[in-house]
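Heads up, upload_8.csv below (CSV, N, CA and C atoms):
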```csv
chain,number,residue,atom,x,y,z
A,804,MET,N,8.2,35.3,-140.0
A,804,MET,CA,6.9,35.9,-139.9
A,804,MET,C,5.8,34.9,-139.4
A,805,ARG,N,5.9,33.7,-140.0
A,805,ARG,CA,4.9,32.6,-139.6
A,805,ARG,C,5.1,32.3,-138.2
A,806,ILE,N,6.3,32.3,-137.7
A,806,ILE,CA,6.5,31.9,-136.3
A,806,ILE,C,5.9,33.0,-135.3
A,807,LEU,N,6.1,34.2,-135.7
A,807,LEU,CA,5.5,35.3,-134.9
A,807,LEU,C,4.0,35.2,-134.9
A,808,ALA,N,3.4,35.0,-136.1
A,808,ALA,CA,1.9,34.9,-136.2
A,808,ALA,C,1.4,33.7,-135.4
A,809,GLY,N,2.2,32.6,-135.5
A,809,GLY,CA,1.8,31.4,-134.7
A,809,GLY,C,1.8,31.7,-133.2
A,810,PHE,N,2.9,32.3,-132.8
A,810,PHE,CA,3.1,32.7,-131.4
A,810,PHE,C,2.0,33.6,-130.9
A,811,LEU,N,1.7,34.6,-131.7
A,811,LEU,CA,0.6,35.5,-131.3
A,811,LEU,C,-0.8,34.8,-131.2
A,812,GLY,N,-1.0,33.9,-132.2
A,812,GLY,CA,-2.2,33.2,-132.2
A,812,GLY,C,-2.4,32.3,-131.0
A,813,LEU,N,-1.3,31.6,-130.6
A,813,LEU,CA,-1.2,30.8,-129.4
A,813,LEU,C,-1.5,31.6,-128.2
A,814,ALA,N,-0.8,32.8,-128.1
A,814,ALA,CA,-1.0,33.6,-126.9
A,814,ALA,C,-2.5,34.1,-126.8
A,815,ALA,N,-3.1,34.5,-127.9
A,815,ALA,CA,-4.5,34.9,-127.9
A,815,ALA,C,-5.4,33.8,-127.5
A,816,LEU,N,-5.1,32.5,-128.0
A,816,LEU,CA,-5.9,31.4,-127.6
A,816,LEU,C,-5.8,31.1,-126.1
A,817,LEU,N,-4.6,31.2,-125.5
A,817,LEU,CA,-4.4,31.0,-124.1
A,817,LEU,C,-5.2,32.1,-123.3
A,818,VAL,N,-5.1,33.3,-123.7
A,818,VAL,CA,-5.8,34.4,-123.0
A,818,VAL,C,-7.3,34.2,-123.0
A,819,LEU,N,-7.8,33.9,-124.2
A,819,LEU,CA,-9.3,33.7,-124.4
A,819,LEU,C,-9.8,32.5,-123.7
A,820,SER,N,-9.0,31.4,-123.6
A,820,SER,CA,-9.5,30.2,-123.0
A,820,SER,C,-9.3,30.1,-121.5
A,821,ALA,N,-8.7,31.1,-120.9
A,821,ALA,CA,-8.5,31.1,-119.5
A,821,ALA,C,-9.8,31.3,-118.8
A,822,PRO,N,-10.1,30.5,-117.7
A,822,PRO,CA,-11.3,30.6,-117.0
A,822,PRO,C,-11.5,31.9,-116.3
A,823,LEU,N,-12.7,32.4,-116.4
A,823,LEU,CA,-13.0,33.7,-115.7
A,823,LEU,C,-13.2,33.4,-114.2
A,824,VAL,N,-12.6,34.2,-113.4
A,824,VAL,CA,-12.8,34.0,-112.0
A,824,VAL,C,-13.8,35.0,-111.5
A,825,ALA,N,-14.9,34.4,-110.9
A,825,ALA,CA,-15.9,35.3,-110.4
A,825,ALA,C,-15.6,35.7,-108.9
A,826,ASN,N,-15.6,36.9,-108.7
A,826,ASN,CA,-15.4,37.4,-107.3
A,826,ASN,C,-16.7,37.7,-106.6
A,827,ALA,N,-16.9,37.0,-105.6
A,827,ALA,CA,-18.2,37.1,-104.8
A,827,ALA,C,-18.1,38.5,-104.1
A,828,ALA,N,-19.2,39.1,-104.0
A,828,ALA,CA,-19.3,40.4,-103.3
A,828,ALA,C,-19.3,40.1,-101.8
A,829,PRO,N,-18.7,41.0,-101.0
A,829,PRO,CA,-18.7,40.7,-99.6
A,829,PRO,C,-20.2,40.9,-99.0
A,830,PRO,N,-20.5,40.2,-97.9
A,830,PRO,CA,-21.8,40.4,-97.4
A,830,PRO,C,-22.0,41.8,-96.9
A,831,PRO,N,-23.3,42.2,-96.8
A,831,PRO,CA,-23.5,43.6,-96.3
A,831,PRO,C,-23.2,43.7,-94.8
A,832,ARG,N,-22.9,44.9,-94.4
A,832,ARG,CA,-22.7,45.2,-93.0
A,832,ARG,C,-24.0,45.2,-92.3
A,833,VAL,N,-24.1,44.5,-91.2
A,833,VAL,CA,-25.4,44.4,-90.5
A,833,VAL,C,-25.2,44.9,-89.0
A,834,ALA,N,-26.3,45.3,-88.4
A,834,ALA,CA,-26.3,45.7,-87.1
A,834,ALA,C,-26.4,44.5,-86.1
A,835,ALA,N,-25.7,44.6,-85.0
A,835,ALA,CA,-25.8,43.6,-84.0
A,835,ALA,C,-26.8,44.1,-82.9
A,836,TYR,N,-27.4,43.1,-82.3
A,836,TYR,CA,-28.4,43.4,-81.2
A,836,TYR,C,-28.0,43.0,-79.9
A,837,SER,N,-28.6,43.6,-78.9
A,837,SER,CA,-28.4,43.1,-77.5
A,837,SER,C,-29.2,41.8,-77.4
A,838,CYS,N,-28.6,40.8,-76.9
A,838,CYS,CA,-29.2,39.5,-76.8
A,838,CYS,C,-30.5,39.5,-76.0
A,839,GLY,N,-30.5,40.2,-74.9
A,839,GLY,CA,-31.7,40.2,-74.0
A,839,GLY,C,-32.9,40.9,-74.7
A,840,SER,N,-32.7,42.0,-75.3
A,840,SER,CA,-33.8,42.7,-76.0
A,840,SER,C,-34.3,42.0,-77.2
A,841,LEU,N,-33.4,41.4,-78.0
A,841,LEU,CA,-33.8,40.6,-79.1
A,841,LEU,C,-34.5,39.3,-78.7
A,842,ALA,N,-34.1,38.7,-77.6
A,842,ALA,CA,-34.8,37.5,-77.2
A,842,ALA,C,-36.3,37.8,-76.8
A,843,VAL,N,-36.5,39.0,-76.2
A,843,VAL,CA,-37.8,39.4,-75.8
A,843,VAL,C,-38.7,39.7,-77.0
A,844,THR,N,-38.0,40.2,-78.1
A,844,THR,CA,-38.8,40.6,-79.3
A,844,THR,C,-39.1,39.3,-80.1
A,845,ILE,N,-38.2,38.4,-80.4
A,845,ILE,CA,-38.4,37.3,-81.3
A,845,ILE,C,-38.4,36.0,-80.6
A,846,GLY,N,-38.1,35.9,-79.3
A,846,GLY,CA,-38.1,34.7,-78.6
A,846,GLY,C,-36.6,34.2,-78.5
A,847,PRO,N,-36.3,33.6,-77.3
A,847,PRO,CA,-34.9,33.2,-77.1
A,847,PRO,C,-34.4,32.0,-78.1
A,848,ARG,N,-35.4,31.2,-78.5
A,848,ARG,CA,-35.0,30.1,-79.4
A,848,ARG,C,-34.8,30.6,-80.9
A,849,ASN,N,-35.2,31.8,-81.2
A,849,ASN,CA,-35.0,32.3,-82.6
A,849,ASN,C,-33.8,33.2,-82.7
A,850,VAL,N,-33.1,33.4,-81.7
A,850,VAL,CA,-31.9,34.3,-81.7
A,850,VAL,C,-30.7,33.5,-82.2
A,851,TRP,N,-29.9,34.2,-83.0
A,851,TRP,CA,-28.6,33.6,-83.4
A,851,TRP,C,-27.5,34.4,-82.7
A,852,ARG,N,-26.5,33.7,-82.1
A,852,ARG,CA,-25.5,34.3,-81.3
A,852,ARG,C,-24.1,33.9,-81.7
A,853,THR,N,-23.1,34.8,-81.5
A,853,THR,CA,-21.7,34.5,-81.8
A,853,THR,C,-20.9,35.2,-80.7
A,854,TRP,N,-19.6,34.9,-80.7
A,854,TRP,CA,-18.7,35.6,-79.8
A,854,TRP,C,-17.4,35.8,-80.6
A,855,PHE,N,-16.8,37.0,-80.5
A,855,PHE,CA,-15.7,37.4,-81.3
A,855,PHE,C,-14.7,38.2,-80.4
A,856,ARG,N,-13.4,38.0,-80.7
A,856,ARG,CA,-12.3,38.8,-80.1
A,856,ARG,C,-11.2,38.9,-81.1
A,857,GLY,N,-10.7,40.2,-81.3
A,857,GLY,CA,-9.7,40.4,-82.2
A,857,GLY,C,-9.0,41.8,-82.0
A,858,ALA,N,-8.1,42.1,-82.8
A,858,ALA,CA,-7.3,43.4,-82.6
A,858,ALA,C,-6.9,43.9,-83.9
A,859,HIS,N,-6.6,45.2,-84.0
A,859,HIS,CA,-5.9,45.8,-85.1
A,859,HIS,C,-4.9,46.9,-84.7
A,860,ARG,N,-4.0,47.2,-85.6
A,860,ARG,CA,-2.9,48.1,-85.2
A,860,ARG,C,-3.4,49.5,-85.6
A,861,GLN,N,-3.1,50.4,-84.7
A,861,GLN,CA,-3.3,51.9,-84.9
A,861,GLN,C,-2.0,52.5,-85.3
A,862,LEU,N,-2.1,53.8,-85.4
A,862,LEU,CA,-0.9,54.6,-85.7
A,862,LEU,C,0.2,54.3,-84.7
A,863,PHE,N,1.4,54.3,-85.0
A,863,PHE,CA,2.5,54.1,-84.1
A,863,PHE,C,2.5,52.7,-83.5
A,864,ASP,N,1.9,51.7,-84.2
A,864,ASP,CA,1.9,50.3,-83.8
A,864,ASP,C,1.1,50.0,-82.5
A,865,GLN,N,0.3,50.9,-82.1
A,865,GLN,CA,-0.6,50.6,-80.9
A,865,GLN,C,-1.6,49.6,-81.3
A,866,ILE,N,-1.8,48.6,-80.5
A,866,ILE,CA,-2.8,47.5,-80.8
A,866,ILE,C,-4.1,47.8,-79.9
A,867,ASP,N,-5.2,47.9,-80.6
A,867,ASP,CA,-6.5,48.0,-80.0
A,867,ASP,C,-7.2,46.7,-80.1
A,868,TRP,N,-7.8,46.3,-79.0
A,868,TRP,CA,-8.5,45.0,-78.9
A,868,TRP,C,-10.0,45.3,-78.9
A,869,TYR,N,-10.7,44.3,-79.4
A,869,TYR,CA,-12.2,44.4,-79.5
A,869,TYR,C,-12.8,43.1,-79.1
A,870,SER,N,-13.8,43.1,-78.4
A,870,SER,CA,-14.5,41.8,-78.0
A,870,SER,C,-16.0,42.1,-78.0
A,871,ALA,N,-16.8,41.1,-78.5
A,871,ALA,CA,-18.2,41.3,-78.5
A,871,ALA,C,-18.9,39.9,-78.5
A,872,SER,N,-20.1,39.9,-78.0
A,872,SER,CA,-21.0,38.7,-78.0
A,872,SER,C,-22.4,39.1,-78.4
A,873,PRO,N,-22.5,39.5,-79.7
A,873,PRO,CA,-23.8,40.0,-80.2
A,873,PRO,C,-24.8,38.9,-80.6
A,874,CYS,N,-26.0,39.3,-80.8
A,874,CYS,CA,-27.1,38.5,-81.3
A,874,CYS,C,-27.7,39.0,-82.5
A,875,PHE,N,-28.4,38.1,-83.3
A,875,PHE,CA,-28.9,38.5,-84.6
A,875,PHE,C,-30.2,37.8,-84.8
A,876,LYS,N,-31.0,38.3,-85.8
A,876,LYS,CA,-32.3,37.7,-86.1
A,876,LYS,C,-32.1,36.5,-87.0
A,877,THR,N,-31.1,36.4,-87.8
A,877,THR,CA,-30.9,35.3,-88.8
A,877,THR,C,-29.5,34.8,-88.7
A,878,ARG,N,-29.3,33.6,-89.2
A,878,ARG,CA,-27.9,33.1,-89.3
A,878,ARG,C,-27.1,33.8,-90.4
A,879,ALA,N,-27.7,34.2,-91.4
A,879,ALA,CA,-27.0,35.0,-92.5
A,879,ALA,C,-26.5,36.3,-91.9
A,880,ALA,N,-27.3,37.0,-91.1
A,880,ALA,CA,-26.8,38.3,-90.5
A,880,ALA,C,-25.7,38.0,-89.5
A,881,CYS,N,-25.7,36.9,-88.8
A,881,CYS,CA,-24.7,36.6,-87.9
A,881,CYS,C,-23.4,36.3,-88.6
A,882,LYS,N,-23.4,35.5,-89.7
A,882,LYS,CA,-22.3,35.2,-90.5
A,882,LYS,C,-21.7,36.5,-91.2
A,883,ALA,N,-22.6,37.4,-91.6
A,883,ALA,CA,-22.1,38.6,-92.3
A,883,ALA,C,-21.4,39.5,-91.2
A,884,TRP,N,-21.9,39.5,-90.0
A,884,TRP,CA,-21.2,40.3,-89.0
A,884,TRP,C,-19.9,39.7,-88.7
A,885,LEU,N,-19.8,38.4,-88.6
A,885,LEU,CA,-18.5,37.8,-88.3
A,885,LEU,C,-17.5,38.1,-89.4
A,886,TYR,N,-18.0,38.1,-90.7
A,886,TYR,CA,-17.1,38.4,-91.8
A,886,TYR,C,-16.4,39.7,-91.6
A,887,TRP,N,-17.3,40.7,-91.3
A,887,TRP,CA,-16.7,42.1,-91.1
A,887,TRP,C,-15.9,42.2,-89.9
A,888,ALA,N,-16.3,41.5,-88.8
A,888,ALA,CA,-15.5,41.6,-87.6
A,888,ALA,C,-14.1,41.1,-87.8
A,889,GLN,N,-14.0,40.0,-88.6
A,889,GLN,CA,-12.7,39.4,-88.9
A,889,GLN,C,-11.9,40.3,-89.8
A,890,THR,N,-12.6,41.0,-90.7
A,890,THR,CA,-11.9,41.9,-91.6
A,890,THR,C,-11.4,43.2,-90.9
A,891,ASP,N,-12.2,43.7,-90.0
A,891,ASP,CA,-11.9,44.9,-89.3
A,891,ASP,C,-10.9,44.7,-88.2
A,892,TRP,N,-10.9,43.6,-87.6
A,892,TRP,CA,-10.0,43.2,-86.5
A,892,TRP,C,-9.2,42.0,-86.8
A,893,PRO,N,-8.2,42.1,-87.7
A,893,PRO,CA,-7.6,40.9,-88.3
A,893,PRO,C,-6.5,40.2,-87.4
A,894,ILE,N,-6.0,40.9,-86.4
A,894,ILE,CA,-4.9,40.4,-85.6
A,894,ILE,C,-5.4,39.5,-84.5
A,895,ARG,N,-4.9,38.3,-84.4
A,895,ARG,CA,-5.1,37.3,-83.4
A,895,ARG,C,-6.6,37.2,-83.1
A,896,ASN,N,-7.4,37.2,-84.1
A,896,ASN,CA,-8.8,37.1,-83.8
A,896,ASN,C,-9.3,35.6,-83.6
A,897,THR,N,-10.3,35.5,-82.8
A,897,THR,CA,-10.9,34.2,-82.5
A,897,THR,C,-12.4,34.4,-82.4
A,898,PHE,N,-13.2,33.4,-82.7
A,898,PHE,CA,-14.6,33.5,-82.6
A,898,PHE,C,-15.2,32.1,-82.4
A,899,ARG,N,-16.5,32.2,-82.1
A,899,ARG,CA,-17.3,31.0,-82.0
A,899,ARG,C,-18.3,31.0,-83.2
A,900,PRO,N,-18.6,29.9,-83.8
A,900,PRO,CA,-19.5,30.0,-84.9
A,900,PRO,C,-20.9,30.4,-84.5
A,901,CYS,N,-21.7,30.9,-85.4
A,901,CYS,CA,-23.0,31.3,-85.1
A,901,CYS,C,-23.8,30.1,-84.7
A,902,ARG,N,-24.6,30.3,-83.6
A,902,ARG,CA,-25.4,29.2,-83.0
A,902,ARG,C,-26.7,29.8,-82.6
A,903,LYS,N,-27.7,29.0,-82.8
A,903,LYS,CA,-29.1,29.4,-82.5
A,903,LYS,C,-29.3,29.2,-81.0
A,904,GLY,N,-30.0,30.2,-80.4
A,904,GLY,CA,-30.3,30.2,-79.0
A,904,GLY,C,-29.5,31.2,-78.2
A,905,ILE,N,-29.9,31.5,-77.0
A,905,ILE,CA,-29.3,32.5,-76.2
A,905,ILE,C,-28.0,32.0,-75.6
A,906,GLY,N,-28.0,30.8,-75.0
A,906,GLY,CA,-26.8,30.3,-74.3
A,906,GLY,C,-25.7,29.9,-75.3
A,907,TYR,N,-24.5,30.0,-74.8
A,907,TYR,CA,-23.4,29.5,-75.6
A,907,TYR,C,-22.7,28.4,-74.9
```

Will you turn the file into structure tokens for me?
Amino acid sequence: MRILAGFLGLAALLVLSAPLVANAAPPPRVAAYSCGSLAVTIGPRNVWRTWFRGAHRQLFDQIDWYSASPCFKTRAACKAWLYWAQTDWPIRNTFRPCRKGIGY
């Protein structure tokens, strides 16, 4: 009986002392802008730009490709868009990191 109680106590101690893992919430989905119109609105030096290409499988293993070169008002919005683009199009995706300015 003592062995069982000791074992249960040890198991409880291990469970209670295990570190809690915090799961970060995914970033919000954000809208992408046309680079030309956004540059007129906030100025070409204030625009954040990226480039992305990826694919996902449809029904019956058909592969659909997606490519975009959107612009954003902030770096955070650009990174959030890239997060969701990589999540939605996970096959053979490639991208360029977010960069300030119109030209890439």

Which is closest to A:Asn896 among A:Ala835, A:Val850, A:Ala825, A:Ala858, if we use all atoms listed in the file?
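With all atoms listed in the file as the atom set, the closest residue is A:Ala858.
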
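Rounded to one decimal, atom CA of A:Pro831 and atom CA of A:Lys876 lie 14.7 Å from each other.
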
Identify all residues of stretch 848-890 of chain A in helix (DSSP H, G or I) (DSSP on the backbone) and supply them as a PDB file with N, CA and C atoms, keeping the file's coordinate frame.
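Below is the file selection.pdb, written as the result:
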```pdb
ATOM      1  N   ARG A 848     -35.400  31.200 -78.500  1.00  0.00           N
ATOM      2  CA  ARG A 848     -35.000  30.100 -79.400  1.00  0.00           C
ATOM      3  C   ARG A 848     -34.800  30.600 -80.900  1.00  0.00           C
ATOM      4  N   ASN A 849     -35.200  31.800 -81.200  1.00  0.00           N
ATOM      5  CA  ASN A 849     -35.000  32.300 -82.600  1.00  0.00           C
ATOM      6  C   ASN A 849     -33.800  33.200 -82.700  1.00  0.00           C
ATOM      7  N   LEU A 862      -2.100  53.800 -85.400  1.00  0.00           N
ATOM      8  CA  LEU A 862      -0.900  54.600 -85.700  1.00  0.00           C
ATOM      9  C   LEU A 862       0.200  54.300 -84.700  1.00  0.00           C
ATOM     10  N   PHE A 863       1.400  54.300 -85.000  1.00  0.00           N
ATOM     11  CA  PHE A 863       2.500  54.100 -84.100  1.00  0.00           C
ATOM     12  C   PHE A 863       2.500  52.700 -83.500  1.00  0.00           C
ATOM     13  N   ASP A 864       1.900  51.700 -84.200  1.00  0.00           N
ATOM     14  CA  ASP A 864       1.900  50.300 -83.800  1.00  0.00           C
ATOM     15  C   ASP A 864       1.100  50.000 -82.500  1.00  0.00           C
ATOM     16  N   ARG A 878     -29.300  33.600 -89.200  1.00  0.00           N
ATOM     17  CA  ARG A 878     -27.900  33.100 -89.300  1.00  0.00           C
ATOM     18  C   ARG A 878     -27.100  33.800 -90.400  1.00  0.00           C
ATOM     19  N   ALA A 879     -27.700  34.200 -91.400  1.00  0.00           N
ATOM     20  CA  ALA A 879     -27.000  35.000 -92.500  1.00  0.00           C
ATOM     21  C   ALA A 879     -26.500  36.300 -91.900  1.00  0.00           C
ATOM     22  N   ALA A 880     -27.300  37.000 -91.100  1.00  0.00           N
ATOM     23  CA  ALA A 880     -26.800  38.300 -90.500  1.00  0.00           C
ATOM     24  C   ALA A 880     -25.700  38.000 -89.500  1.00  0.00           C
ATOM     25  N   CYS A 881     -25.700  36.900 -88.800  1.00  0.00           N
ATOM     26  CA  CYS A 881     -24.700  36.600 -87.900  1.00  0.00           C
ATOM     27  C   CYS A 881     -23.400  36.300 -88.600  1.00  0.00           C
ATOM     28  N   LYS A 882     -23.400  35.500 -89.700  1.00  0.00           N
ATOM     29  CA  LYS A 882     -22.300  35.200 -90.500  1.00  0.00           C
ATOM     30  C   LYS A 882     -21.700  36.500 -91.200  1.00  0.00           C
ATOM     31  N   ALA A 883     -22.600  37.400 -91.600  1.00  0.00           N
ATOM     32  CA  ALA A 883     -22.100  38.600 -92.300  1.00  0.00           C
ATOM     33  C   ALA A 883     -21.400  39.500 -91.200  1.00  0.00           C
ATOM     34  N   TRP A 884     -21.900  39.500 -90.000  1.00  0.00           N
ATOM     35  CA  TRP A 884     -21.200  40.300 -89.000  1.00  0.00           C
ATOM     36  C   TRP A 884     -19.900  39.700 -88.700  1.00  0.00           C
ATOM     37  N   LEU A 885     -19.800  38.400 -88.600  1.00  0.00           N
ATOM     38  CA  LEU A 885     -18.500  37.800 -88.300  1.00  0.00           C
ATOM     39  C   LEU A 885     -17.500  38.100 -89.400  1.00  0.00           C
ATOM     40  N   TYR A 886     -18.000  38.100 -90.700  1.00  0.00           N
ATOM     41  CA  TYR A 886     -17.100  38.400 -91.800  1.00  0.00           C
ATOM     42  C   TYR A 886     -16.400  39.700 -91.600  1.00  0.00           C
ATOM     43  N   TRP A 887     -17.300  40.700 -91.300  1.00  0.00           N
ATOM     44  CA  TRP A 887     -16.700  42.100 -91.100  1.00  0.00           C
ATOM     45  C   TRP A 887     -15.900  42.200 -89.900  1.00  0.00           C
ATOM     46  N   ALA A 888     -16.300  41.500 -88.800  1.00  0.00           N
ATOM     47  CA  ALA A 888     -15.500  41.600 -87.600  1.00  0.00           C
ATOM     48  C   ALA A 888     -14.100  41.100 -87.800  1.00  0.00           C
ATOM     49  N   GLN A 889     -14.000  40.000 -88.600  1.00  0.00           N
ATOM     50  CA  GLN A 889     -12.700  39.400 -88.900  1.00  0.00           C
ATOM     51  C   GLN A 889     -11.900  40.300 -89.800  1.00  0.00           C
ATOM     52  N   THR A 890     -12.600  41.000 -90.700  1.00  0.00           N
ATOM     53  CA  THR A 890     -11.900  41.900 -91.600  1.00  0.00           C
ATOM     54  C   THR A 890     -11.400  43.200 -90.900  1.00  0.00           C
TER      55      THR A 890
END
```

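Straight-line separation from atom N of A:Pro830 to atom CA of A:Lys903: 20.7 Å.
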
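The space separating atom N of A:Leu841 from atom C of A:Arg856 comes to 22.6 Å.
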
Of the listed residues A:Pro873, A:Gly857, A:Ala880, A:Arg852, that which approaches A:Pro900 most closely, counting all atoms listed in the file:
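Smallest distance to A:Pro900 is found for A:Arg852.
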
Apply DSSP to the backbone of this structure and, from stretch 815-866 of chain A, keep only the residues in strand (DSSP E); write these as a PDB file with N, CA and C atoms, keeping the file's coordinate frame.
```pdb
ATOM      1  N   TRP A 851     -29.900  34.200 -83.000  1.00  0.00           N
ATOM      2  CA  TRP A 851     -28.600  33.600 -83.400  1.00  0.00           C
ATOM      3  C   TRP A 851     -27.500  34.400 -82.700  1.00  0.00           C
ATOM      4  N   ARG A 852     -26.500  33.700 -82.100  1.00  0.00           N
ATOM      5  CA  ARG A 852     -25.500  34.300 -81.300  1.00  0.00           C
ATOM      6  C   ARG A 852     -24.100  33.900 -81.700  1.00  0.00           C
ATOM      7  N   THR A 853     -23.100  34.800 -81.500  1.00  0.00           N
ATOM      8  CA  THR A 853     -21.700  34.500 -81.800  1.00  0.00           C
ATOM      9  C   THR A 853     -20.900  35.200 -80.700  1.00  0.00           C
ATOM     10  N   TRP A 854     -19.600  34.900 -80.700  1.00  0.00           N
ATOM     11  CA  TRP A 854     -18.700  35.600 -79.800  1.00  0.00           C
ATOM     12  C   TRP A 854     -17.400  35.800 -80.600  1.00  0.00           C
ATOM     13  N   PHE A 855     -16.800  37.000 -80.500  1.00  0.00           N
ATOM     14  CA  PHE A 855     -15.700  37.400 -81.300  1.00  0.00           C
ATOM     15  C   PHE A 855     -14.700  38.200 -80.400  1.00  0.00           C
ATOM     16  N   ARG A 856     -13.400  38.000 -80.700  1.00  0.00           N
ATOM     17  CA  ARG A 856     -12.300  38.800 -80.100  1.00  0.00           C
ATOM     18  C   ARG A 856     -11.200  38.900 -81.100  1.00  0.00           C
ATOM     19  N   GLY A 857     -10.700  40.200 -81.300  1.00  0.00           N
ATOM     20  CA  GLY A 857      -9.700  40.400 -82.200  1.00  0.00           C
ATOM     21  C   GLY A 857      -9.000  41.800 -82.000  1.00  0.00           C
ATOM     22  N   ALA A 858      -8.100  42.100 -82.800  1.00  0.00           N
ATOM     23  CA  ALA A 858      -7.300  43.400 -82.600  1.00  0.00           C
ATOM     24  C   ALA A 858      -6.900  43.900 -83.900  1.00  0.00           C
ATOM     25  N   HIS A 859      -6.600  45.200 -84.000  1.00  0.00           N
ATOM     26  CA  HIS A 859      -5.900  45.800 -85.100  1.00  0.00           C
ATOM     27  C   HIS A 859      -4.900  46.900 -84.700  1.00  0.00           C
ATOM     28  N   ARG A 860      -4.000  47.200 -85.600  1.00  0.00           N
ATOM     29  CA  ARG A 860      -2.900  48.100 -85.200  1.00  0.00           C
ATOM     30  C   ARG A 860      -3.400  49.500 -85.600  1.00  0.00           C
ATOM     31  N   ILE A 866      -1.800  48.600 -80.500  1.00  0.00           N
ATOM     32  CA  ILE A 866      -2.800  47.500 -80.800  1.00  0.00           C
ATOM     33  C   ILE A 866      -4.100  47.800 -79.900  1.00  0.00           C
TER      34      ILE A 866
END
```

Skipping near chain neighbours, those fewer than 3 positions away, what residues fall within 8 Å of A:Asp867 using only N, CA and C atoms, listed as an MDAnalysis selection string?
chainID A and resid 857:861 864 870 892

Using only C-alpha atoms, can you tell me which of A:Ile845, A:Ala883, A:Ala871, A:Leu862 comes closest to A:Ala828?
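Checking each of A:Ile845, A:Ala883, A:Ala871, A:Leu862 against A:Ala828, counting only C-alpha atoms, the winner is A:Ala883.
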